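Asks: The following block contains the structure, expressed as structure tokens.
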Amino acid sequence: MQQQLLQKQLRYIMGTACAIEVYSDRDSTQAINAAFTELHRIDALLSNWNPDSDLMKLNRAAAATGVERPWISVSPELFTRIQVALHMARVTDGRFDPTVGPLVRAYGFLPANFQGTNHSIATARARVGWNKVKLDTEHSAIQFALPGMEIDLGGIAKGYAARRAADILRQQGITTGLVSLGGSSVTAIGASPGAMGWRLSIRDPRNGSISAATVELRDGESLATSGTYENTRGTGKFRHSHILDPQTGRALSGSTGVTVLYSDAEMADALTKPFLLERPPSAENWTKWLAGFENASVILLQVQKGELRRITGGVHPERFGPAPRLPNGHAAEANRRSAKHLTRDGAGGTGNSALSSQARGTEAHGPAGYHLANLPGNQGTSLH
């Protein structure tokens with residue numbers, strides 16, 4: 001049997017560092033290039049930064065002024081992405097909402113309104129609401145109930161792109177590889193050589209240079225992470241994140257991260273949002289949301305008064321292990337897999353009981369008992 005060689009490329013696409021690594025006994029440059037070409041194609045389809053993307057063309061046409069609301073036909077692929085986004089909005093009680101675009105622009109996380117003006121937060125909030133979008137499945141057409149609305153697919157785009165890149169790699173004959181978009185949307189193909197999967201570490205919301213948990217990503221699985229600690233505005237008590245509550249119009253503050261392990265990268269991406277927005281965590285809602293995704297698992301890491309609270313739920317909460325520690329108590333180093341979003345394995349924190357036992361498959365963890373983890377040097381990816 002020929003030796004499996006690591007081949008890896010990193011490119012900046014979709015506003016983030018995209019890493020593709022494969023293990024193969026042959027030159028995989030063509031396969032990796034094909035996967036990156038697919039990422040560029042999806043960016044041209046779903047970007048809300050590029051005014052010429054298919055999504056932004058839809059937004060301009062559907063948001064036109066006038067009482068008579070137009071129906072705008074789109075490609076089947078874009079129509080399906082919007083269907084998925086609206087489905088996720090419905091099953092998460094609107095915590096995930098793809099019509100949050102006007103709010104994102106009002107807070108300054110996207111360029112000025114595509115119509116050339118900036119709306120107040122209150123005005124923008126009035127244009128948000130997933131149930132204000134109508135679909136014509138026969139003609140792949142979209143209608144907005146109000147002028148000035150905007151669909152923002154940033155909550156699922158990276159997950160969809162990671163899945164598609166992995167599909168392309170498989171079609172090219174790759175059986176062992178990992179696709180990571182910014183470290184926040186990761187999809188696995190096969191397992192890292194000599195292991196059962198790909199050992200990933202999840203960052204501590206208090207400090208991006210250490211990790212608070214680990215998980216082994218297996219063939220066909222995806223991991224999605226959202227947090228309030230990366231893309232922020234303001235300082236001190238005025239600091240707020242890019243995570244916006246579509247129901248209140250408020251931007252989340254504090255230091256919280258949610259990671260979802262699921263078989264579908266696109267849905268995992270969207271599913272992080274309701275758990276992130278639910279404050280305080282509700283056992284009833286966690287159970288309801290997880291019931292619709294039978295093989296999903298979730299971990300919430302929330303900083304309260306400097307301490308880290310860790311809550312897990314879903315079908316396999318035990319998949320989220322503690323962060324590794326070396327015998328001297330220092331954080332274990334890990335290979336930096338993907339530029340700016342990859343850190344080293346490190347210390348977690350203390351958890352506090354939060355959710356009741358009524359939540360099926362949902363557990364609140366007390367203080368983590370750290371133990372020495374023997375992580376191979378090529379198995380330490382950290383998610384943000």
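Residue numbering restarts at 1 in every chain; chains get A, B, ... in the order shown in the structure tokens, and ligands count up from 1 in that same order.
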Among region 105-184 of chain A, which ones does DSSP assign to helix (DSSP H, G or I) (computed from the backbone)? Answer as a PyMOL selection string.
Replies: chain A and resi 105-106+121-126+130-132+154-171
Asks: Include N, CA and C atoms and write out the residues we just selected as a PDB file, in the first residue's frame.
Replies:
```
ATOM      1  N   ARG A 105     -27.187  45.504   7.759  1.00  0.00           N
ATOM      2  CA  ARG A 105     -26.664  46.737   7.160  1.00  0.00           C
ATOM      3  C   ARG A 105     -26.827  47.926   8.107  1.00  0.00           C
ATOM      4  N   ALA A 106     -27.942  47.981   8.823  1.00  0.00           N
ATOM      5  CA  ALA A 106     -28.165  49.099   9.751  1.00  0.00           C
ATOM      6  C   ALA A 106     -27.114  49.130  10.852  1.00  0.00           C
ATOM      7  N   ILE A 121     -32.160  51.446  12.815  1.00  0.00           N
ATOM      8  CA  ILE A 121     -32.389  50.073  13.271  1.00  0.00           C
ATOM      9  C   ILE A 121     -33.885  49.784  13.360  1.00  0.00           C
ATOM     10  N   ALA A 122     -34.663  50.753  13.835  1.00  0.00           N
ATOM     11  CA  ALA A 122     -36.113  50.551  13.949  1.00  0.00           C
ATOM     12  C   ALA A 122     -36.747  50.354  12.580  1.00  0.00           C
ATOM     13  N   THR A 123     -36.327  51.159  11.602  1.00  0.00           N
ATOM     14  CA  THR A 123     -36.868  51.034  10.251  1.00  0.00           C
ATOM     15  C   THR A 123     -36.464  49.693   9.640  1.00  0.00           C
ATOM     16  N   ALA A 124     -35.222  49.316   9.863  1.00  0.00           N
ATOM     17  CA  ALA A 124     -34.744  48.045   9.335  1.00  0.00           C
ATOM     18  C   ALA A 124     -35.503  46.877   9.962  1.00  0.00           C
ATOM     19  N   ARG A 125     -35.733  46.950  11.277  1.00  0.00           N
ATOM     20  CA  ARG A 125     -36.441  45.871  11.969  1.00  0.00           C
ATOM     21  C   ARG A 125     -37.825  45.645  11.374  1.00  0.00           C
ATOM     22  N   ALA A 126     -38.487  46.700  10.938  1.00  0.00           N
ATOM     23  CA  ALA A 126     -39.829  46.576  10.369  1.00  0.00           C
ATOM     24  C   ALA A 126     -39.819  45.819   9.046  1.00  0.00           C
ATOM     25  N   TRP A 130     -39.308  36.396   8.264  1.00  0.00           N
ATOM     26  CA  TRP A 130     -39.246  35.313   7.278  1.00  0.00           C
ATOM     27  C   TRP A 130     -40.603  34.999   6.671  1.00  0.00           C
ATOM     28  N   ASN A 131     -41.690  35.238   7.436  1.00  0.00           N
ATOM     29  CA  ASN A 131     -43.028  34.954   6.914  1.00  0.00           C
ATOM     30  C   ASN A 131     -43.531  36.050   5.973  1.00  0.00           C
ATOM     31  N   LYS A 132     -42.673  37.032   5.676  1.00  0.00           N
ATOM     32  CA  LYS A 132     -43.022  38.066   4.691  1.00  0.00           C
ATOM     33  C   LYS A 132     -42.483  37.721   3.307  1.00  0.00           C
ATOM     34  N   GLY A 154     -26.069  34.539   4.641  1.00  0.00           N
ATOM     35  CA  GLY A 154     -24.805  34.331   5.332  1.00  0.00           C
ATOM     36  C   GLY A 154     -24.878  33.277   6.417  1.00  0.00           C
ATOM     37  N   GLY A 155     -26.071  33.012   6.939  1.00  0.00           N
ATOM     38  CA  GLY A 155     -26.232  32.024   8.004  1.00  0.00           C
ATOM     39  C   GLY A 155     -26.178  30.586   7.541  1.00  0.00           C
ATOM     40  N   ILE A 156     -26.222  30.353   6.214  1.00  0.00           N
ATOM     41  CA  ILE A 156     -26.121  28.987   5.693  1.00  0.00           C
ATOM     42  C   ILE A 156     -25.109  28.850   4.568  1.00  0.00           C
ATOM     43  N   ALA A 157     -24.631  29.970   4.035  1.00  0.00           N
ATOM     44  CA  ALA A 157     -23.812  29.934   2.812  1.00  0.00           C
ATOM     45  C   ALA A 157     -22.528  29.147   2.989  1.00  0.00           C
ATOM     46  N   LYS A 158     -21.811  29.369   4.094  1.00  0.00           N
ATOM     47  CA  LYS A 158     -20.547  28.671   4.283  1.00  0.00           C
ATOM     48  C   LYS A 158     -20.766  27.170   4.489  1.00  0.00           C
ATOM     49  N   GLY A 159     -21.827  26.818   5.190  1.00  0.00           N
ATOM     50  CA  GLY A 159     -22.127  25.406   5.364  1.00  0.00           C
ATOM     51  C   GLY A 159     -22.437  24.727   4.040  1.00  0.00           C
ATOM     52  N   TYR A 160     -23.244  25.398   3.223  1.00  0.00           N
ATOM     53  CA  TYR A 160     -23.563  24.851   1.902  1.00  0.00           C
ATOM     54  C   TYR A 160     -22.301  24.731   1.056  1.00  0.00           C
ATOM     55  N   ALA A 161     -21.465  25.756   1.105  1.00  0.00           N
ATOM     56  CA  ALA A 161     -20.231  25.741   0.323  1.00  0.00           C
ATOM     57  C   ALA A 161     -19.291  24.623   0.768  1.00  0.00           C
ATOM     58  N   ALA A 162     -19.168  24.420   2.072  1.00  0.00           N
ATOM     59  CA  ALA A 162     -18.316  23.339   2.583  1.00  0.00           C
ATOM     60  C   ALA A 162     -18.821  21.984   2.102  1.00  0.00           C
ATOM     61  N   ARG A 163     -20.127  21.807   2.131  1.00  0.00           N
ATOM     62  CA  ARG A 163     -20.711  20.543   1.665  1.00  0.00           C
ATOM     63  C   ARG A 163     -20.441  20.326   0.185  1.00  0.00           C
ATOM     64  N   ARG A 164     -20.630  21.377  -0.614  1.00  0.00           N
ATOM     65  CA  ARG A 164     -20.427  21.248  -2.054  1.00  0.00           C
ATOM     66  C   ARG A 164     -18.948  20.986  -2.378  1.00  0.00           C
ATOM     67  N   ALA A 165     -18.046  21.663  -1.689  1.00  0.00           N
ATOM     68  CA  ALA A 165     -16.622  21.417  -1.930  1.00  0.00           C
ATOM     69  C   ALA A 165     -16.263  19.973  -1.606  1.00  0.00           C
ATOM     70  N   ALA A 166     -16.820  19.454  -0.518  1.00  0.00           N
ATOM     71  CA  ALA A 166     -16.578  18.055  -0.155  1.00  0.00           C
ATOM     72  C   ALA A 166     -17.159  17.117  -1.214  1.00  0.00           C
ATOM     73  N   ASP A 167     -18.327  17.448  -1.743  1.00  0.00           N
ATOM     74  CA  ASP A 167     -18.932  16.638  -2.807  1.00  0.00           C
ATOM     75  C   ASP A 167     -18.018  16.582  -4.030  1.00  0.00           C
ATOM     76  N   ILE A 168     -17.458  17.737  -4.399  1.00  0.00           N
ATOM     77  CA  ILE A 168     -16.566  17.786  -5.560  1.00  0.00           C
ATOM     78  C   ILE A 168     -15.326  16.936  -5.321  1.00  0.00           C
ATOM     79  N   LEU A 169     -14.760  17.008  -4.130  1.00  0.00           N
ATOM     80  CA  LEU A 169     -13.583  16.197  -3.817  1.00  0.00           C
ATOM     81  C   LEU A 169     -13.899  14.705  -3.929  1.00  0.00           C
ATOM     82  N   ARG A 170     -15.048  14.305  -3.420  1.00  0.00           N
ATOM     83  CA  ARG A 170     -15.443  12.897  -3.520  1.00  0.00           C
ATOM     84  C   ARG A 170     -15.600  12.483  -4.981  1.00  0.00           C
ATOM     85  N   GLN A 171     -16.215  13.354  -5.782  1.00  0.00           N
ATOM     86  CA  GLN A 171     -16.393  13.053  -7.202  1.00  0.00           C
ATOM     87  C   GLN A 171     -15.053  12.904  -7.913  1.00  0.00           C
TER      88      GLN A 171
END
```
Asks: Please identify all polymer residues within 6 Å of Ser255 (chain A), counting only C-alpha atoms, omitting same-chain residues fewer than 2 positions from it, and present them as a count of residues only.
Replies: 4
Asks: I'd like to know which of A:Ile202, A:Ala291, A:Leu300, A:Ile151 is closest to Pro98 (chain A), using only C-alpha atoms.
Replies: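 For Pro98 (chain A), the nearest of the given residues is A:Ile151.
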Asks: Would you list the contacts of region 179-196 of chain A as a PyMOL selection string, taking every protein, DNA or RNA residue within 6 Å and counting only C-alpha atoms, but skipping same-chain residues closer than 5 positions in sequence?
Replies: chain A and resi 16-20+159+219-225+341+383-384
